[in-house]
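Data from protein.txt: compact mmCIF, C-alpha atoms
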```txt
# COMPACT_ATOMS: atom_id res chain seq x y z
CA MET A 1 3.33 -20.64 -162.60
CA THR A 2 -0.09 -19.19 -163.35
CA VAL A 3 -1.62 -18.49 -166.71
CA ALA A 4 -4.19 -15.70 -166.80
CA ILE A 5 -6.92 -16.15 -169.40
CA ILE A 6 -8.04 -12.64 -170.22
CA ASP A 7 -11.79 -12.33 -169.80
CA TYR A 8 -13.28 -9.35 -171.61
CA GLY A 9 -16.74 -10.70 -172.27
CA VAL A 10 -16.02 -12.27 -175.64
CA GLY A 11 -16.73 -15.90 -176.37
CA ASN A 12 -17.00 -19.17 -174.56
CA LEU A 13 -13.94 -19.90 -172.47
CA PHE A 14 -15.05 -23.29 -171.14
CA SER A 15 -12.79 -25.38 -173.41
CA LEU A 16 -9.74 -23.23 -172.92
CA ARG A 17 -10.02 -23.44 -169.14
CA SER A 18 -10.76 -27.17 -169.29
CA SER A 19 -7.77 -27.85 -171.50
CA LEU A 20 -5.41 -26.02 -169.12
CA ASP A 21 -6.98 -27.83 -166.15
CA TYR A 22 -6.58 -31.11 -167.99
CA LEU A 23 -2.88 -30.39 -168.53
CA GLY A 24 -2.50 -29.47 -164.85
CA ILE A 25 -1.63 -25.86 -165.70
CA ASP A 26 -2.65 -23.46 -162.96
CA ASN A 27 -4.94 -20.85 -164.53
CA VAL A 28 -7.21 -17.99 -163.67
CA LEU A 29 -9.96 -16.37 -165.70
CA THR A 30 -9.75 -12.64 -165.12
CA GLY A 31 -10.55 -9.20 -166.41
CA GLU A 32 -8.53 -7.41 -163.71
CA THR A 33 -5.35 -5.63 -164.73
CA ALA A 34 -3.76 -6.42 -161.34
CA ALA A 35 -4.30 -10.12 -161.96
CA LEU A 36 -2.61 -9.83 -165.34
CA ARG A 37 0.39 -8.29 -163.60
CA ARG A 38 0.53 -11.12 -161.06
CA ALA A 39 0.24 -13.91 -163.66
CA ASP A 40 3.31 -15.47 -165.24
CA LYS A 41 1.77 -15.86 -168.68
CA LEU A 42 -1.25 -14.47 -170.50
CA ILE A 43 -3.69 -15.93 -172.97
CA LEU A 44 -5.89 -13.61 -175.01
CA PRO A 45 -8.82 -15.64 -176.36
CA GLY A 46 -11.75 -14.43 -178.43
CA VAL A 47 -14.40 -15.21 -180.99
CA GLY A 48 -16.68 -12.68 -182.64
CA ALA A 49 -16.12 -9.33 -184.27
CA PHE A 50 -12.76 -7.53 -184.17
CA GLY A 51 -14.12 -4.02 -183.71
CA ASP A 52 -16.34 -5.01 -180.82
CA ALA A 53 -13.56 -6.98 -179.11
CA ALA A 54 -10.99 -4.19 -179.51
CA ALA A 55 -13.47 -1.69 -178.05
CA LYS A 56 -14.09 -3.94 -175.05
CA LEU A 57 -10.34 -4.31 -174.40
CA HIS A 58 -9.94 -0.53 -174.43
CA GLU A 59 -13.03 0.19 -172.31
CA ARG A 60 -11.82 -2.13 -169.58
CA GLY A 61 -8.27 -0.78 -169.58
CA LEU A 62 -7.08 -4.20 -170.70
CA ALA A 63 -5.47 -3.08 -173.97
CA ALA A 64 -2.97 -0.89 -172.13
CA ALA A 65 -2.39 -3.55 -169.48
CA ILE A 66 -1.68 -6.25 -172.10
CA CYS A 67 0.76 -3.96 -173.91
CA ARG A 68 2.51 -3.18 -170.61
CA GLU A 69 2.93 -6.87 -169.77
CA ALA A 70 4.10 -7.64 -173.31
CA ALA A 71 6.65 -4.82 -173.08
CA ALA A 72 7.94 -6.48 -169.90
CA GLU A 73 8.35 -9.64 -172.02
CA LYS A 74 5.72 -11.66 -170.22
CA PRO A 75 4.75 -14.49 -172.60
CA LEU A 76 1.42 -13.79 -174.28
CA LEU A 77 -0.58 -16.12 -176.52
CA GLY A 78 -3.45 -14.81 -178.62
CA ILE A 79 -5.93 -17.39 -179.91
CA CYS A 80 -8.17 -16.94 -182.97
CA LEU A 81 -9.63 -13.41 -182.70
CA GLY A 82 -7.16 -12.99 -179.82
CA MET A 83 -4.33 -13.52 -182.31
CA GLN A 84 -5.83 -11.07 -184.78
CA LEU A 85 -6.02 -8.43 -182.06
CA LEU A 86 -2.22 -8.57 -181.72
CA PHE A 87 -1.84 -6.94 -185.16
CA GLU A 88 -1.87 -3.27 -186.08
CA LEU A 89 -5.08 -3.00 -188.03
CA SER A 90 -8.12 -5.00 -189.12
CA HIS A 91 -10.36 -4.46 -192.11
CA GLU A 92 -13.22 -6.52 -190.71
CA PHE A 93 -16.32 -4.39 -191.42
CA GLY A 94 -14.53 -1.05 -191.44
CA GLU A 95 -11.12 -0.24 -190.09
CA HIS A 96 -10.16 -1.01 -186.50
CA LYS A 97 -6.92 -0.60 -184.60
CA GLY A 98 -5.41 -3.60 -182.85
CA LEU A 99 -2.80 -3.82 -180.12
CA ALA A 100 0.05 -3.41 -182.64
CA LEU A 101 2.29 -5.91 -180.89
CA ILE A 102 3.02 -7.63 -184.21
CA PRO A 103 3.37 -5.83 -187.57
CA GLY A 104 0.70 -6.78 -190.07
CA THR A 105 -3.00 -6.41 -190.77
CA VAL A 106 -6.11 -8.58 -190.63
CA GLU A 107 -7.95 -8.93 -193.95
CA PRO A 108 -10.98 -10.81 -195.29
CA LEU A 109 -10.13 -14.28 -196.54
CA ALA A 110 -12.71 -14.50 -199.35
CA PRO A 111 -11.20 -12.04 -201.90
CA ASP A 112 -7.79 -13.73 -201.62
CA LEU A 113 -8.98 -17.30 -202.22
CA PRO A 114 -8.33 -18.58 -205.75
CA SER A 115 -11.55 -20.61 -206.08
CA PRO A 116 -15.19 -20.07 -205.13
CA ALA A 117 -15.25 -23.76 -204.12
CA LEU A 118 -13.20 -22.76 -201.07
CA LYS A 119 -15.87 -21.96 -198.51
CA VAL A 120 -15.69 -19.07 -196.07
CA PRO A 121 -15.54 -19.32 -193.08
CA HIS A 122 -12.52 -21.60 -193.25
CA ILE A 123 -13.95 -24.21 -190.87
CA GLY A 124 -12.41 -27.52 -189.97
CA TRP A 125 -9.17 -29.40 -189.56
CA ASN A 126 -6.23 -28.27 -191.64
CA ARG A 127 -2.61 -29.42 -191.58
CA LEU A 128 -0.27 -27.01 -189.86
CA ASP A 129 2.92 -26.55 -191.85
CA ILE A 130 5.78 -25.20 -189.78
CA VAL A 131 7.69 -22.43 -191.53
CA ARG A 132 10.08 -21.62 -188.72
CA ASP A 133 10.81 -23.85 -185.74
CA ASP A 134 9.99 -22.48 -182.33
CA PRO A 135 9.85 -23.66 -178.70
CA LEU A 136 6.04 -23.54 -179.10
CA PHE A 137 6.36 -26.66 -181.28
CA LYS A 138 8.46 -28.58 -178.74
CA TYR A 139 5.81 -31.30 -178.29
CA PHE A 140 4.02 -30.84 -181.62
CA THR A 141 4.17 -33.67 -184.15
CA PRO A 142 4.94 -32.13 -187.56
CA GLY A 143 2.12 -32.70 -190.04
CA SER A 144 -0.59 -32.67 -187.36
CA TYR A 145 -3.95 -31.08 -188.09
CA VAL A 146 -5.42 -28.19 -186.12
CA TYR A 147 -8.96 -26.81 -185.94
CA TYR A 148 -9.85 -23.50 -187.56
CA VAL A 149 -13.00 -21.35 -187.62
CA HIS A 150 -12.46 -17.92 -189.17
CA SER A 151 -13.28 -15.60 -192.07
CA PHE A 152 -10.41 -13.10 -191.68
CA TYR A 153 -6.67 -13.73 -191.57
CA ALA A 154 -3.38 -12.03 -190.81
CA LYS A 155 -1.41 -10.63 -193.74
CA GLY A 156 1.86 -8.83 -194.27
CA CYS A 157 3.43 -10.66 -191.34
CA ALA A 158 5.92 -12.97 -193.09
CA GLU A 159 8.66 -12.03 -190.64
CA SER A 160 6.69 -13.22 -187.65
CA THR A 161 4.99 -16.24 -189.26
CA LEU A 162 5.83 -19.57 -187.61
CA ALA A 163 3.35 -21.80 -189.42
CA THR A 164 0.71 -21.74 -192.14
CA SER A 165 -2.11 -23.94 -193.41
CA GLU A 166 -2.89 -24.39 -197.09
CA TYR A 167 -6.35 -23.23 -198.18
CA GLY A 168 -5.76 -22.26 -201.79
CA ILE A 169 -3.28 -19.80 -200.27
CA PRO A 170 -1.01 -20.20 -197.25
CA VAL A 171 -3.19 -18.98 -194.37
CA THR A 172 -1.30 -17.56 -191.38
CA GLY A 173 -1.60 -20.22 -188.68
CA ALA A 174 0.88 -19.29 -185.95
CA VAL A 175 2.96 -16.16 -185.36
CA ARG A 176 5.57 -14.90 -182.93
CA ARG A 177 7.32 -11.65 -182.24
CA GLY A 178 9.55 -11.67 -179.17
CA SER A 179 7.47 -12.89 -176.25
CA VAL A 180 4.17 -12.55 -178.12
CA TRP A 181 2.71 -15.63 -179.81
CA GLY A 182 -0.55 -16.13 -181.66
CA THR A 183 -2.49 -18.98 -183.27
CA GLN A 184 -5.35 -18.46 -185.71
CA PHE A 185 -6.60 -21.99 -185.00
CA HIS A 186 -8.00 -23.17 -181.66
CA PRO A 187 -5.43 -25.25 -179.75
CA GLU A 188 -8.11 -25.98 -177.14
CA LYS A 189 -10.18 -27.68 -179.88
CA SER A 190 -7.35 -29.33 -181.80
CA GLY A 191 -7.12 -32.58 -179.86
CA ALA A 192 -3.71 -33.88 -178.82
CA ALA A 193 -1.94 -31.54 -181.29
CA GLY A 194 -3.47 -28.50 -179.63
CA LEU A 195 -2.78 -29.69 -176.12
CA ALA A 196 0.87 -30.16 -177.13
CA LEU A 197 1.07 -26.46 -178.05
CA LEU A 198 -0.59 -25.29 -174.83
CA ARG A 199 1.76 -27.44 -172.80
CA ALA A 200 4.78 -25.97 -174.59
CA PHE A 201 3.45 -22.44 -174.06
CA ALA A 202 3.08 -23.09 -170.34
CA GLU A 203 6.70 -24.23 -170.21
CA LEU A 204 8.18 -21.24 -172.08
CA MET B 1 -6.20 -28.28 -197.47
CA ILE B 2 -9.01 -28.71 -195.06
CA SER B 3 -9.76 -32.35 -194.33
CA LYS B 4 -13.12 -34.03 -194.74
CA ARG B 5 -14.61 -34.82 -191.34
CA ILE B 6 -15.79 -38.11 -189.86
CA ILE B 7 -18.37 -37.55 -187.15
CA PRO B 8 -19.87 -40.16 -184.86
CA CYS B 9 -23.23 -39.26 -183.43
CA LEU B 10 -24.38 -40.25 -179.96
CA ASP B 11 -28.11 -40.30 -179.23
CA ILE B 12 -28.52 -40.01 -175.49
CA ARG B 13 -31.57 -40.86 -173.45
CA ASP B 14 -31.59 -40.78 -169.68
CA GLY B 15 -27.82 -40.72 -169.53
CA GLN B 16 -27.30 -43.71 -171.82
CA VAL B 17 -26.26 -44.03 -175.44
CA VAL B 18 -29.15 -45.37 -177.47
CA LYS B 19 -28.26 -47.97 -180.14
CA GLY B 20 -25.37 -48.99 -177.97
CA GLN B 21 -26.86 -52.30 -176.94
CA ASN B 22 -25.07 -54.46 -179.48
CA PHE B 23 -21.63 -53.48 -178.38
CA LEU B 24 -19.11 -56.14 -177.59
CA ASP B 25 -18.58 -54.68 -174.16
CA VAL B 26 -22.09 -53.61 -173.27
CA LYS B 27 -21.32 -51.96 -169.99
CA ALA B 28 -18.46 -49.79 -171.21
CA VAL B 29 -20.13 -48.55 -174.35
CA ALA B 30 -23.46 -47.69 -172.84
CA ASP B 31 -21.64 -44.93 -170.99
CA PRO B 32 -21.53 -41.86 -173.25
CA VAL B 33 -18.39 -40.48 -171.63
CA GLU B 34 -16.59 -43.77 -172.19
CA LEU B 35 -17.78 -43.88 -175.79
CA ALA B 36 -16.73 -40.27 -176.42
CA ARG B 37 -13.28 -41.14 -175.06
CA PHE B 38 -13.11 -44.13 -177.39
CA TYR B 39 -14.05 -42.07 -180.45
CA ASN B 40 -11.58 -39.35 -179.55
CA GLU B 41 -8.78 -41.93 -179.35
CA GLN B 42 -9.95 -43.38 -182.66
CA GLY B 43 -9.51 -40.00 -184.36
CA ALA B 44 -13.09 -38.76 -184.71
CA ASP B 45 -12.97 -35.17 -186.01
CA GLU B 46 -15.96 -33.97 -184.05
CA LEU B 47 -18.66 -35.48 -181.85
CA VAL B 48 -22.39 -34.87 -182.06
CA PHE B 49 -24.61 -35.46 -179.05
CA TYR B 50 -28.36 -35.56 -179.44
CA ASP B 51 -30.45 -35.32 -176.32
CA ILE B 52 -33.49 -37.45 -177.02
CA THR B 53 -34.76 -37.31 -173.46
CA ALA B 54 -38.15 -35.87 -172.71
CA SER B 55 -37.88 -35.52 -168.94
CA VAL B 56 -36.31 -32.73 -166.92
CA GLU B 57 -34.33 -35.35 -165.05
CA GLY B 58 -32.91 -36.77 -168.29
CA ARG B 59 -31.99 -33.28 -169.43
CA GLY B 60 -30.00 -32.77 -166.26
CA LEU B 61 -28.15 -36.04 -166.86
CA PHE B 62 -27.41 -34.93 -170.41
CA VAL B 63 -25.83 -31.64 -169.32
CA ASP B 64 -23.80 -33.50 -166.75
CA ILE B 65 -22.48 -35.90 -169.43
CA LEU B 66 -21.65 -33.01 -171.72
CA ARG B 67 -19.70 -31.29 -168.97
CA ARG B 68 -17.73 -34.46 -168.24
CA VAL B 69 -16.93 -35.01 -171.94
CA ALA B 70 -15.89 -31.38 -172.46
CA ALA B 71 -13.55 -31.57 -169.48
CA GLU B 72 -11.36 -34.15 -171.15
CA ILE B 73 -12.04 -34.21 -174.89
CA PHE B 74 -10.75 -31.29 -176.87
CA ILE B 75 -12.31 -31.60 -180.29
CA PRO B 76 -15.43 -29.75 -181.46
CA LEU B 77 -18.60 -30.87 -179.73
CA THR B 78 -21.99 -30.28 -181.29
CA VAL B 79 -25.15 -30.62 -179.28
CA GLY B 80 -28.72 -30.97 -180.47
CA GLY B 81 -32.09 -32.18 -179.31
CA GLY B 82 -34.77 -30.06 -177.70
CA ILE B 83 -33.11 -26.74 -178.58
CA ARG B 84 -35.88 -24.14 -178.87
CA THR B 85 -34.73 -20.94 -177.15
CA LEU B 86 -31.63 -18.88 -176.46
CA ALA B 87 -31.77 -20.23 -172.92
CA ASP B 88 -31.34 -23.73 -174.39
CA PHE B 89 -28.29 -22.54 -176.34
CA ASP B 90 -26.90 -20.99 -173.20
CA ARG B 91 -27.42 -24.11 -171.11
CA VAL B 92 -25.43 -26.40 -173.44
CA LEU B 93 -22.75 -23.85 -174.37
CA LYS B 94 -21.99 -23.30 -170.70
CA ALA B 95 -21.61 -27.06 -170.30
CA GLY B 96 -18.96 -27.16 -173.01
CA ALA B 97 -20.70 -27.41 -176.39
CA ASP B 98 -19.01 -25.56 -179.25
CA LYS B 99 -21.89 -25.69 -181.69
CA VAL B 100 -25.60 -26.07 -181.15
CA SER B 101 -27.88 -27.74 -183.61
CA VAL B 102 -31.52 -26.70 -184.03
CA ASN B 103 -34.14 -28.68 -185.91
CA SER B 104 -37.82 -28.63 -184.86
CA GLY B 105 -37.12 -25.57 -182.71
CA ALA B 106 -36.30 -23.57 -185.84
CA ILE B 107 -39.40 -24.82 -187.62
CA ASP B 108 -41.61 -23.62 -184.74
CA ASP B 109 -39.73 -20.33 -184.42
CA PRO B 110 -37.43 -19.53 -187.37
CA SER B 111 -36.19 -16.37 -185.62
CA ILE B 112 -34.15 -18.54 -183.22
CA ILE B 113 -31.49 -18.93 -185.93
CA ALA B 114 -30.89 -15.21 -186.39
CA LYS B 115 -31.08 -14.54 -182.65
CA ALA B 116 -28.57 -17.26 -181.82
CA ALA B 117 -26.23 -16.21 -184.65
CA ALA B 118 -26.31 -12.61 -183.43
CA ARG B 119 -25.51 -13.62 -179.88
CA TYR B 120 -23.03 -16.48 -180.35
CA GLY B 121 -21.84 -16.12 -183.95
CA SER B 122 -22.76 -18.17 -187.00
CA GLN B 123 -19.98 -20.67 -186.33
CA CYS B 124 -22.00 -21.77 -183.32
CA VAL B 125 -25.34 -22.31 -185.05
CA VAL B 126 -26.00 -25.54 -186.93
CA LEU B 127 -29.29 -26.06 -188.73
CA SER B 128 -30.30 -29.70 -188.85
CA LEU B 129 -32.91 -30.90 -191.34
CA ASP B 130 -34.75 -34.21 -191.59
CA VAL B 131 -35.62 -34.49 -195.26
CA LYS B 132 -37.86 -36.85 -197.22
CA ARG B 133 -39.00 -36.95 -200.82
CA VAL B 134 -42.66 -36.10 -201.23
CA GLY B 135 -43.98 -36.10 -204.77
CA GLY B 136 -41.27 -34.52 -206.88
CA SER B 137 -39.66 -32.44 -204.18
CA TYR B 138 -37.84 -32.58 -200.86
CA HIS B 139 -39.85 -31.80 -197.72
CA VAL B 140 -38.64 -30.90 -194.24
CA PHE B 141 -40.03 -33.19 -191.55
CA ALA B 142 -40.39 -32.29 -187.89
CA ARG B 143 -40.67 -34.20 -184.59
CA GLY B 144 -37.92 -36.69 -185.35
CA GLY B 145 -39.12 -37.27 -188.88
CA ARG B 146 -42.75 -37.99 -188.00
CA GLU B 147 -44.45 -34.85 -189.28
CA ASP B 148 -44.39 -33.40 -192.81
CA THR B 149 -44.11 -29.63 -192.44
CA GLY B 150 -44.73 -29.08 -196.15
CA LEU B 151 -41.64 -26.84 -196.24
CA ASP B 152 -39.38 -27.21 -199.26
CA ALA B 153 -36.07 -28.51 -197.87
CA LEU B 154 -33.86 -26.59 -200.31
CA ASP B 155 -35.63 -23.29 -199.62
CA TRP B 156 -35.55 -23.98 -195.89
CA ALA B 157 -31.80 -24.73 -195.95
CA ALA B 158 -31.09 -21.56 -197.97
CA ALA B 159 -33.25 -19.44 -195.66
CA GLY B 160 -31.51 -20.89 -192.60
CA VAL B 161 -28.11 -19.97 -194.00
CA ALA B 162 -29.32 -16.50 -194.95
CA ASN B 163 -30.49 -16.06 -191.35
CA GLY B 164 -27.10 -17.04 -189.96
CA ALA B 165 -26.76 -20.82 -189.72
CA GLY B 166 -23.06 -21.57 -190.11
CA GLU B 167 -23.39 -25.23 -190.97
CA LEU B 168 -26.06 -27.68 -192.10
CA VAL B 169 -26.71 -31.27 -191.08
CA ILE B 170 -28.72 -32.91 -193.85
CA ASN B 171 -30.34 -36.10 -192.64
CA SER B 172 -32.14 -38.07 -195.30
CA ILE B 173 -35.11 -40.00 -193.96
CA ASP B 174 -35.19 -41.97 -197.22
CA THR B 175 -31.70 -43.40 -196.76
CA ASP B 176 -31.52 -43.42 -192.96
CA GLY B 177 -31.18 -46.90 -191.50
CA VAL B 178 -31.11 -48.54 -194.93
CA LYS B 179 -27.29 -48.62 -195.05
CA GLN B 180 -27.22 -48.37 -198.85
CA GLY B 181 -25.21 -45.15 -198.97
CA PHE B 182 -25.79 -41.46 -198.37
CA ASP B 183 -28.50 -39.53 -200.24
CA LEU B 184 -26.20 -38.04 -202.86
CA PRO B 185 -28.85 -36.35 -205.08
CA LEU B 186 -30.28 -34.55 -202.04
CA LEU B 187 -26.82 -33.49 -200.83
CA ASP B 188 -25.89 -32.17 -204.28
CA ALA B 189 -29.14 -30.23 -204.46
CA VAL B 190 -28.49 -28.59 -201.07
CA ALA B 191 -24.83 -27.89 -201.91
CA ALA B 192 -25.93 -26.06 -205.06
CA ARG B 193 -27.97 -23.67 -202.91
CA VAL B 194 -25.68 -22.83 -199.98
CA SER B 195 -22.00 -22.09 -199.37
CA VAL B 196 -21.70 -23.20 -195.74
CA PRO B 197 -20.27 -26.60 -194.76
CA ILE B 198 -22.63 -29.56 -195.21
CA ILE B 199 -22.64 -32.57 -192.91
CA ALA B 200 -24.24 -35.61 -194.53
CA SER B 201 -26.24 -37.97 -192.37
CA GLY B 202 -28.26 -41.11 -193.02
CA GLY B 203 -27.34 -44.13 -195.06
CA ALA B 204 -23.74 -45.02 -194.27
CA GLY B 205 -23.32 -48.79 -194.33
CA ASN B 206 -19.67 -49.31 -195.20
CA MET B 207 -16.42 -47.54 -196.00
CA ALA B 208 -17.14 -47.30 -199.72
CA HIS B 209 -20.20 -45.15 -198.95
CA PHE B 210 -17.92 -42.51 -197.41
CA ALA B 211 -15.55 -42.65 -200.41
CA GLU B 212 -18.55 -42.11 -202.69
CA LEU B 213 -19.81 -39.28 -200.46
CA PHE B 214 -16.56 -37.35 -200.57
CA GLN B 215 -16.43 -37.48 -204.37
CA HIS B 216 -19.08 -34.77 -204.01
CA PRO B 217 -17.04 -31.63 -203.34
CA GLY B 218 -19.94 -29.76 -201.72
CA VAL B 219 -20.02 -32.20 -198.81
CA ASP B 220 -17.66 -31.55 -195.92
CA ALA B 221 -18.41 -34.25 -193.39
CA GLY B 222 -20.04 -37.64 -192.97
CA LEU B 223 -22.00 -38.42 -189.85
CA ALA B 224 -23.04 -41.88 -188.69
CA ALA B 225 -24.08 -43.65 -185.53
CA SER B 226 -24.80 -47.36 -185.61
CA ILE B 227 -21.99 -48.49 -187.93
CA PHE B 228 -19.49 -46.86 -185.58
CA HIS B 229 -21.24 -47.98 -182.40
CA HIS B 230 -21.43 -51.56 -183.65
CA ARG B 231 -17.85 -51.38 -184.89
CA GLN B 232 -18.85 -52.39 -188.38
CA VAL B 233 -16.60 -49.53 -189.46
CA LEU B 234 -13.61 -48.46 -187.40
CA ILE B 235 -12.61 -44.82 -187.77
CA PRO B 236 -8.81 -45.33 -188.08
CA GLU B 237 -9.33 -47.92 -190.80
CA LEU B 238 -11.93 -45.74 -192.54
CA LYS B 239 -9.59 -42.75 -192.54
CA ARG B 240 -6.69 -44.74 -193.96
CA TYR B 241 -9.01 -46.15 -196.62
CA LEU B 242 -10.22 -42.70 -197.63
CA ARG B 243 -6.77 -41.16 -197.58
CA ALA B 244 -5.52 -43.97 -199.88
CA ARG B 245 -8.26 -42.83 -202.28
CA GLY B 246 -6.95 -39.29 -202.36
CA ILE B 247 -9.40 -37.83 -199.84
CA GLU B 248 -7.77 -35.54 -197.31
CA MET B 249 -8.11 -36.96 -193.81
CA ARG B 250 -6.74 -35.90 -190.47
CA ILE B 251 -4.84 -38.95 -189.25
```
Spell out the structure here as structure tokens.
Amino acid sequence: MTVAIIDYGVGNLFSLRSSLDYLGIDNVLTGETAALRRADKLILPGVGAFGDAAAKLHERGLAAAICREAAAEKPLLGICLGMQLLFELSHEFGEHKGLALIPGTVEPLAPDLPSPALKVPHIGWNRLDIVRDDPLFKYFTPGSYVYYVHSFYAKGCAESTLATSEYGIPVTGAVRRGSVWGTQFHPEKSGAAGLALLRAFAEL
Amino acid sequence: MISKRIIPCLDIRDGQVVKGQNFLDVKAVADPVELARFYNEQGADELVFYDITASVEGRGLFVDILRRVAAEIFIPLTVGGGIRTLADFDRVLKAGADKVSVNSGAIDDPSIIAKAAARYGSQCVVLSLDVKRVGGSYHVFARGGREDTGLDALDWAAAGVANGAGELVINSIDTDGVKQGFDLPLLDAVAARVSVPIIASGGAGNMAHFAELFQHPGVDAGLAASIFHHRQVLIPELKRYLRARGIEMRI
């Protein structure tokens, strides 16, 4: 069982690789479509700007490759910006198309927050409240905290929402549609709680 | 809601934790990797590593320690000390840091903040300030608190955030080491000027000081070194104490 971490030149992948290594999960960091085909599972990471990341996925032929693998029901996990890219559309500085693997859009957090005391970015540890149980939570202790860093969030995706975190509003924390999963938080930075999710993903 | 953060800080010189000498088990706690492991098990929300080495050799040891910590501890790691250029950012990020803190480096070349934010994102750039009261105002000090830059701390913090710093560490020279509590007037003054998370540093002496600190809604995290290293305050006990007082804690 090999997990391919999709490398498209966005963000620091050190922790993600280390966490999989630590769990003894065989993994490869790759930007090659052939390697995505060979892998048993895919992780789409990412930090930075949506538009830039989406453009890079298209330029490298990775967007089409990811959609092909997802259509073949290969488990895929998007993390942070990687999760946002799974949606149809983002309104982060303009309008950008995502991979459209999950219905919904990505919107700025600030206008939706009820109080100016709620800082943006939403940075730090927040409790993950499970809305719908899922094999992803097999080893997860309910009520655990996970680590977030983001200014945009997924909306209009109630049907695929697995978990949320309260930040004046319920912020989409984890989603799933078929064999496609996503977490807005960083499991690779969420201590034991995050490792529990990665372990469950590897066992799906 | 987002929890308030408890952050132990490890000053590292030549591969050893400084201030670690009074530990019960001297050998085990002098090792930064061992200490990081301990704090992770104790429920620290983040770890800060300051490289206070001057030599090239010490710097190499520091990066090696960072790499070893990042290979087994999966909570946010912030690194500071001697960060002056994008190459410095690159060096520690590649070794597993999540955030990089700049202090004197930003005073010498303020453009480093904007450059680093553009390349790595604001979430990665932490501006750290050593602040002391001079006359009626707050001044930024450089070189580990030895040199008055004459810069107004509140203006400097606001400018840093405007340039892309995603978080601030506010270290009060006036309260540091005194253990009489955090510098609440200073922290309030900074919080009134910026909207990014504020990490308070300097002055923690007991658990009540953290309870007092988190009554100030503009403060997001409390950082301390010696009281944790000397086990005067244990993180699990501190977190239970704060949670019992209605402060959200990740336990």
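The interatomic distance for the pair atom CA of Val178 of chain B and atom CA of Leu213 of chain B works out to 15.6 Å.
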All residues 8 Å or closer to Val233 of chain B, only C-alpha atoms, same chain fewer than 5 positions away omitted, as an mmCIF file with C-alpha atoms, in the coordinates of the input:
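Below is the file that was written, around-v8.cif:
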```cif
data_model
loop_
_atom_site.group_PDB
_atom_site.id
_atom_site.type_symbol
_atom_site.label_atom_id
_atom_site.label_comp_id
_atom_site.auth_asym_id
_atom_site.auth_seq_id
_atom_site.Cartn_x
_atom_site.Cartn_y
_atom_site.Cartn_z
ATOM 1 C CA ASN B 206 -19.670 -49.310 -195.200
ATOM 2 C CA MET B 207 -16.420 -47.540 -196.000
ATOM 3 C CA ILE B 227 -21.990 -48.490 -187.930
ATOM 4 C CA PHE B 228 -19.490 -46.860 -185.580
ATOM 5 C CA LEU B 238 -11.930 -45.740 -192.540
#
```
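In this structure, atom CA of Asp45 of chain B sits 18.0 Å away from atom CA of Leu16 of chain A.
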Show me a table, sorted first by chain and then by increasing residue number, of the residues of chain B having an atom at most 6 Å from chain A, each with its shortest atom pair and the distance in Å to one decimal, counting only C-alpha atoms and written as JSON lines.
```
{"residue": "B:Met1", "atom": "CA", "partner": "A:Tyr167", "partner_atom": "CA", "distance": 5.1}
{"residue": "B:Ile2", "atom": "CA", "partner": "A:Asn126", "partner_atom": "CA", "distance": 4.4}
{"residue": "B:Ser3", "atom": "CA", "partner": "A:Trp125", "partner_atom": "CA", "distance": 5.6}
{"residue": "B:Ala71", "atom": "CA", "partner": "A:Ser18", "partner_atom": "CA", "distance": 5.2}
{"residue": "B:Phe74", "atom": "CA", "partner": "A:Lys189", "partner_atom": "CA", "distance": 4.7}
{"residue": "B:Ile75", "atom": "CA", "partner": "A:Lys189", "partner_atom": "CA", "distance": 4.5}
{"residue": "B:Pro76", "atom": "CA", "partner": "A:Lys189", "partner_atom": "CA", "distance": 5.9}
{"residue": "B:Gly96", "atom": "CA", "partner": "A:Phe14", "partner_atom": "CA", "distance": 5.8}
```
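Taking atom CA of Asn103 of chain B as the reference point, atom CA of Ser128 of chain B is found at 4.9 Å.
The point (-7.3, -14.0, -175.0) has these residues within 7 Å of it when all atoms listed in the file are used: Ile5, Ile6, Ile43, Leu44, Pro45, Gly46, Gly78, Ile79 and Gly82 of chain A.
Among B:Glu72, B:Asp31, B:Leu184, B:Ala157, the residue with the shortest atom-to-atom distance to Gly24 of chain A, counting all atoms listed in the file, is B:Glu72.
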For this session: May I have the residues at most 12 Å from (-26.7, -20.9, -190.5) in the file's coordinates, counting only C-alpha atoms, as a PyMOL selection string?
Result: (chain A and resi 121) or (chain B and resi 99-103+106+110-118+120-129+156-169+194-198)
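Nearest-residue note for Val180 of chain A: choosing from A:Gly31, A:Pro75, A:Gly51, A:Gly9, the minimum distance belongs to A:Pro75, counting all atoms listed in the file.
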Problem set entry | Spatial neighbours of Glu32 of chain A, 10 Å, all atoms listed in the file, chain gap at least 4 places, as a list in words | Ala4, Ile6, Asp7, Tyr8, Leu36, Arg37, Arg60, Gly61, Leu62 and Ala65 of chain A
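Among the candidates A:Leu101, A:Leu76, A:Val106, A:Ala63, the residue lying nearest to Phe201 of chain A is A:Leu76 (atoms considered: all atoms listed in the file).
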Problem set entry | Shell around Ser160 of chain A at 9 Å using only C-alpha atoms, local window under 5 positions removed, as a PyMOL selection string | chain A and resi 102-103+174-177
Box for segment 111-116 of chain B: with edges along x, y and z, all listed atoms inside and 6 Å added on each side, what are the centre and edge lengths in Å to one decimal, as lines of an AutoDock Vina configuration file?
```
center_x = -32.4
center_y = -16.7
center_z = -184.1
size_x = 19.6
size_y = 16.4
size_z = 16.6
```
Problem set entry | Of the listed residues A:Asn27, A:Ala200, A:Ala163, A:His58, that which approaches Phe185 of chain A most closely, counting all atoms listed in the file | A:Ala163
For this session: Name all residues at most 12 Å from Tyr39 of chain B (count only C-alpha atoms; drop same-chain ones fewer than 2 positions away) and give them as a PyMOL selection string.
Result: (chain A and resi 191) or (chain B and resi 6-10+29+32-37+41-48+69+73-75+225+228-229+231+233-236)
